Amino acid sequence: MLVSYSMRGEEPVVNEALKVRALPEGSYDYLLEFLKLYRDAVQLVVDKIWSIDEKLSWKKLHRLFYSDLMRLGFRAHHAKEIYINAKSLVESAESNNGRKPVLRKLSARIDKYDYKLDLNNTTLTLKLHNDYEVKLRLVTPRERVEKFRSWSNYELVVKYDGKSFWVSIYFKRIVKSLKPRTVMTIDLNFGNVTLAVYTLDGRRVRLKKLNTPHRKILTHRIWIERIQRKYPKSWRFIKNVRKAIERHGERIRNISWDYAHKLGDLIAELALRYHSVVVLEDLEKLRENNKKKDKEFNKKLGLWFYRRIQFCIEYEAKERDLEVVKVNPRGTSSKCPRCGGRLVEDGYRVLRCRKCGFVGDRDVTATINIYKKYISKHSRCGVSGVAPNAPKPDENPSGMQGNKNEAMTTES
Ligand SMILES: [Zn+2]
């Protein structure tokens, strides 16, 4: 999936590319001719910029190349894309201390003014040089393009790999974030995912624990290691052995993606129902903090699994116009949510604070700490400014006293 998130002013933007094979209707001679012409034009501009030893503004590029490119039969926006392309190629080559770029592949970036996309018939019409046009049929199921109807498309890239044509059409959509009424915090662990929904004044209204398929994944991992141990030097070279390893790898990929998609969907649906802002731990920070949890992640499963889960949660939440926030995971499972003291293990996945006597399920405690981090950072103008009610020792609030099983139940 080619997805990225950016900001336009205050508003988050989702960018996504639809990459599909495209079949030209009728002859594709002009399209091939266009791609070659385009590549040679980019090369021409690259060669010239390379020999000029100064920073070139858009104005200057335009003055230098526009009329030449028009004479070759390009349209105005083709010309623009050609020197944007050439300029960025030269810049990245220079910053990599490399040599002058030499283009071989047939690939062209086309502005939205130079193509027409018809989502009803899944066809695409490209405007080429000398006023030629080519119509392409997109090889994709209708359902896949359906969601893009409400998005806006901008440029596209068309490629020829020697056998087929491929297009990547870029779409974007501004996310109109709903004002959160509750806060959903999510704690990812090796064996389970714990989510809790808190009101803005700190009451927990929902708690859910879901198991991860870590055992299944580990079983395949163990198989791979076993095979590699048996053929320590040769496993790469014996076809059947390599095939067996690939099969287990494939299973791991399928299990984890399948789980991540389902979980992301489930969490986003729940968050939508509660009008929640979705708060996750920042996995990038996890590495910096170099915590015990980090080591556990790496040793047992790898951060990739958690990245995949987070990616799907974030993706599904943003699809539903929900806000997603990441907080630093430092201390989420080691700090007392009531007094800030250090928590120590007190039985299986139970934590106790020596200072104030707080006792809580480890994962539930993490969701409280994540909630507190979110609130302390995002309380603005009294909207979500109320601190969570710190649980008192003799209560049985979000902190959860003694009875481990209560927090373990999933209120589904
Ligand atoms: Zn405490």
# chains A, B, ... in the order shown; residues from 1 in each chain; ligands from 1
call {"tool": "residues_near_ligand", "arguments": {"ligand": "ligand 1", "cutoff": "8 Å", "atoms": "only C-alpha atoms and all ligand atoms", "output": "number ranges by chain"}}
result
A: 335-343, 352-358
call {"tool": "write_last_selection", "arguments": {"atoms": "N, CA and C atoms", "output": "short mmCIF file (atom, residue, chain, number, x, y, z; two decimals), in the first residue's frame"}}
result
data_model
loop_
_atom_site.label_atom_id
_atom_site.label_comp_id
_atom_site.auth_asym_id
_atom_site.auth_seq_id
_atom_site.Cartn_x
_atom_site.Cartn_y
_atom_site.Cartn_z
N LYS A 335 5.46 3.43 35.47
CA LYS A 335 5.20 4.57 36.35
C LYS A 335 3.81 4.48 36.95
N CYS A 336 3.71 4.81 38.22
CA CYS A 336 2.41 4.74 38.90
C CYS A 336 1.51 5.86 38.38
N PRO A 337 0.32 5.52 37.88
CA PRO A 337 -0.56 6.56 37.34
C PRO A 337 -1.13 7.46 38.45
N ARG A 338 -1.02 7.03 39.71
CA ARG A 338 -1.59 7.84 40.78
C ARG A 338 -0.58 8.80 41.36
N CYS A 339 0.64 8.29 41.67
CA CYS A 339 1.60 9.16 42.35
C CYS A 339 2.89 9.36 41.56
N GLY A 340 3.04 8.66 40.45
CA GLY A 340 4.25 8.84 39.65
C GLY A 340 5.42 8.00 40.12
N GLY A 341 5.23 7.22 41.17
CA GLY A 341 6.30 6.37 41.68
C GLY A 341 6.59 5.19 40.75
N ARG A 342 7.63 4.46 41.10
CA ARG A 342 8.00 3.32 40.25
C ARG A 342 7.14 2.11 40.56
N LEU A 343 6.69 1.44 39.54
CA LEU A 343 5.88 0.24 39.75
C LEU A 343 6.77 -1.00 39.71
N ARG A 352 2.54 -3.12 41.14
CA ARG A 352 2.22 -2.49 42.43
C ARG A 352 3.15 -1.30 42.64
N CYS A 353 2.56 -0.23 43.24
CA CYS A 353 3.37 0.93 43.58
C CYS A 353 3.73 0.84 45.06
N ARG A 354 5.02 0.88 45.33
CA ARG A 354 5.47 0.74 46.73
C ARG A 354 5.15 2.00 47.53
N LYS A 355 5.05 3.10 46.80
CA LYS A 355 4.86 4.38 47.50
C LYS A 355 3.43 4.56 47.99
N CYS A 356 2.47 4.34 47.08
CA CYS A 356 1.08 4.65 47.47
C CYS A 356 0.18 3.42 47.51
N GLY A 357 0.73 2.29 47.15
CA GLY A 357 -0.06 1.07 47.27
C GLY A 357 -0.96 0.77 46.08
N PHE A 358 -0.85 1.57 45.05
CA PHE A 358 -1.65 1.30 43.84
C PHE A 358 -1.32 -0.08 43.29
#
call {"tool": "residues_around", "arguments": {"residues": "Phe74 in chain A", "least_positions_apart": "5", "cutoff": "10 Å", "atoms": "only C-alpha atoms", "output": "VMD selection string"}}
result
chain A and resid 34 37 to 38 41 66 to 69 79 to 80 82 127 to 131
call {"tool": "closest_residue", "arguments": {"among": "A:Ser256, A:Thr194, A:Thr365, A:Asn211", "to": "Leu280 in chain A", "atoms": "only C-alpha atoms"}}
result
A:Thr194
call {"tool": "select_by_dssp", "arguments": {"residues": "range 117-301 of chain A", "states": "strand (DSSP E or B)", "output": "ChimeraX atom specification"}}
result
/A:117-118,123-127,133-139,152-160,165-174,182-188,192-199,204-211,276-281
call {"tool": "closest_residue", "arguments": {"among": "A:Val102, A:Ser152, A:Leu136, A:Arg273", "to": "Val197 in chain A", "atoms": "only C-alpha atoms"}}
result
A:Arg273
call {"tool": "residues_around", "arguments": {"residues": "Arg144 in chain A", "least_positions_apart": "4", "cutoff": "12 Å", "atoms": "only C-alpha atoms", "output": "list in words"}}
result
Ala17, Leu18, Lys19, Val20, Leu119, Thr122, Leu138, Val139, Thr140, Phe148 and Arg149 of chain A
call {"tool": "closest_residue", "arguments": {"among": "A:Ile186, A:Ile84, A:Ala260, A:Leu156", "to": "Val327 in chain A", "atoms": "only C-alpha atoms"}}
result
A:Ile186
call {"tool": "decode", "arguments": {"residues": "range 253-288 of chain A", "atoms": "N, CA and C atoms", "output": "compact mmCIF listing (two decimals), in the first residue's frame"}}
result
# COMPACT_ATOMS: atom_id res chain seq x y z
N ARG A 253 3.66 -13.67 7.05
CA ARG A 253 3.17 -12.44 6.43
C ARG A 253 1.64 -12.42 6.37
N ASN A 254 1.07 -13.54 5.94
CA ASN A 254 -0.39 -13.59 5.81
C ASN A 254 -1.09 -13.46 7.16
N ILE A 255 -0.58 -14.19 8.13
CA ILE A 255 -1.20 -14.16 9.47
C ILE A 255 -1.15 -12.75 10.02
N SER A 256 0.01 -12.12 9.91
CA SER A 256 0.15 -10.80 10.55
C SER A 256 -0.64 -9.73 9.81
N TRP A 257 -0.65 -9.75 8.48
CA TRP A 257 -1.45 -8.75 7.76
C TRP A 257 -2.94 -8.95 8.02
N ASP A 258 -3.34 -10.21 7.99
CA ASP A 258 -4.74 -10.52 8.19
C ASP A 258 -5.20 -10.02 9.56
N TYR A 259 -4.38 -10.29 10.56
CA TYR A 259 -4.71 -9.85 11.92
C TYR A 259 -4.73 -8.33 12.00
N ALA A 260 -3.70 -7.70 11.44
CA ALA A 260 -3.59 -6.25 11.52
C ALA A 260 -4.79 -5.56 10.87
N HIS A 261 -5.21 -6.09 9.72
CA HIS A 261 -6.36 -5.49 9.03
C HIS A 261 -7.63 -5.61 9.87
N LYS A 262 -7.85 -6.81 10.40
CA LYS A 262 -9.06 -7.04 11.18
C LYS A 262 -9.05 -6.18 12.44
N LEU A 263 -7.91 -6.14 13.11
CA LEU A 263 -7.81 -5.37 14.34
C LEU A 263 -8.01 -3.88 14.06
N GLY A 264 -7.36 -3.40 13.00
CA GLY A 264 -7.49 -1.99 12.65
C GLY A 264 -8.94 -1.62 12.40
N ASP A 265 -9.62 -2.50 11.70
CA ASP A 265 -11.02 -2.29 11.39
C ASP A 265 -11.88 -2.27 12.65
N LEU A 266 -11.66 -3.25 13.51
CA LEU A 266 -12.42 -3.37 14.75
C LEU A 266 -12.22 -2.15 15.65
N ILE A 267 -10.97 -1.76 15.82
CA ILE A 267 -10.64 -0.63 16.68
C ILE A 267 -11.23 0.66 16.14
N ALA A 268 -11.11 0.85 14.82
CA ALA A 268 -11.62 2.09 14.23
C ALA A 268 -13.14 2.17 14.33
N GLU A 269 -13.80 1.03 14.16
CA GLU A 269 -15.26 1.01 14.29
C GLU A 269 -15.70 1.40 15.70
N LEU A 270 -14.98 0.85 16.67
CA LEU A 270 -15.27 1.14 18.07
C LEU A 270 -15.00 2.61 18.38
N ALA A 271 -13.89 3.10 17.87
CA ALA A 271 -13.52 4.50 18.10
C ALA A 271 -14.54 5.43 17.48
N LEU A 272 -15.06 5.01 16.33
CA LEU A 272 -16.07 5.82 15.66
C LEU A 272 -17.34 5.89 16.50
N ARG A 273 -17.69 4.76 17.09
CA ARG A 273 -18.90 4.70 17.90
C ARG A 273 -18.79 5.61 19.12
N TYR A 274 -17.58 5.68 19.68
CA TYR A 274 -17.38 6.51 20.88
C TYR A 274 -16.87 7.91 20.55
N HIS A 275 -16.76 8.24 19.27
CA HIS A 275 -16.18 9.53 18.86
C HIS A 275 -14.83 9.75 19.53
N SER A 276 -13.98 8.77 19.43
CA SER A 276 -12.71 8.83 20.15
C SER A 276 -11.59 9.41 19.31
N VAL A 277 -10.66 10.04 20.00
CA VAL A 277 -9.36 10.27 19.40
C VAL A 277 -8.58 9.00 19.75
N VAL A 278 -7.84 8.47 18.77
CA VAL A 278 -7.13 7.21 19.00
C VAL A 278 -5.69 7.53 19.39
N VAL A 279 -5.29 7.07 20.56
CA VAL A 279 -3.95 7.39 21.06
C VAL A 279 -3.10 6.13 21.10
N LEU A 280 -1.97 6.20 20.42
CA LEU A 280 -1.05 5.07 20.33
C LEU A 280 0.31 5.45 20.91
N GLU A 281 1.10 4.46 21.23
CA GLU A 281 2.47 4.73 21.63
C GLU A 281 3.31 4.94 20.38
N ASP A 282 4.23 5.88 20.47
CA ASP A 282 5.10 6.17 19.34
C ASP A 282 6.22 5.14 19.27
N LEU A 283 6.12 4.25 18.30
CA LEU A 283 7.10 3.16 18.23
C LEU A 283 8.51 3.64 17.92
N GLU A 284 8.60 4.75 17.24
CA GLU A 284 9.94 5.29 16.94
C GLU A 284 10.65 5.67 18.23
N LYS A 285 9.85 6.23 19.15
CA LYS A 285 10.43 6.65 20.43
C LYS A 285 10.83 5.43 21.26
N LEU A 286 10.13 4.37 21.05
CA LEU A 286 10.40 3.14 21.81
C LEU A 286 11.86 2.75 21.64
N ARG A 287 12.34 2.88 20.44
CA ARG A 287 13.72 2.52 20.16
C ARG A 287 14.68 3.45 20.89
N GLU A 288 14.37 4.74 20.84
CA GLU A 288 15.23 5.71 21.52
C GLU A 288 15.30 5.42 23.02
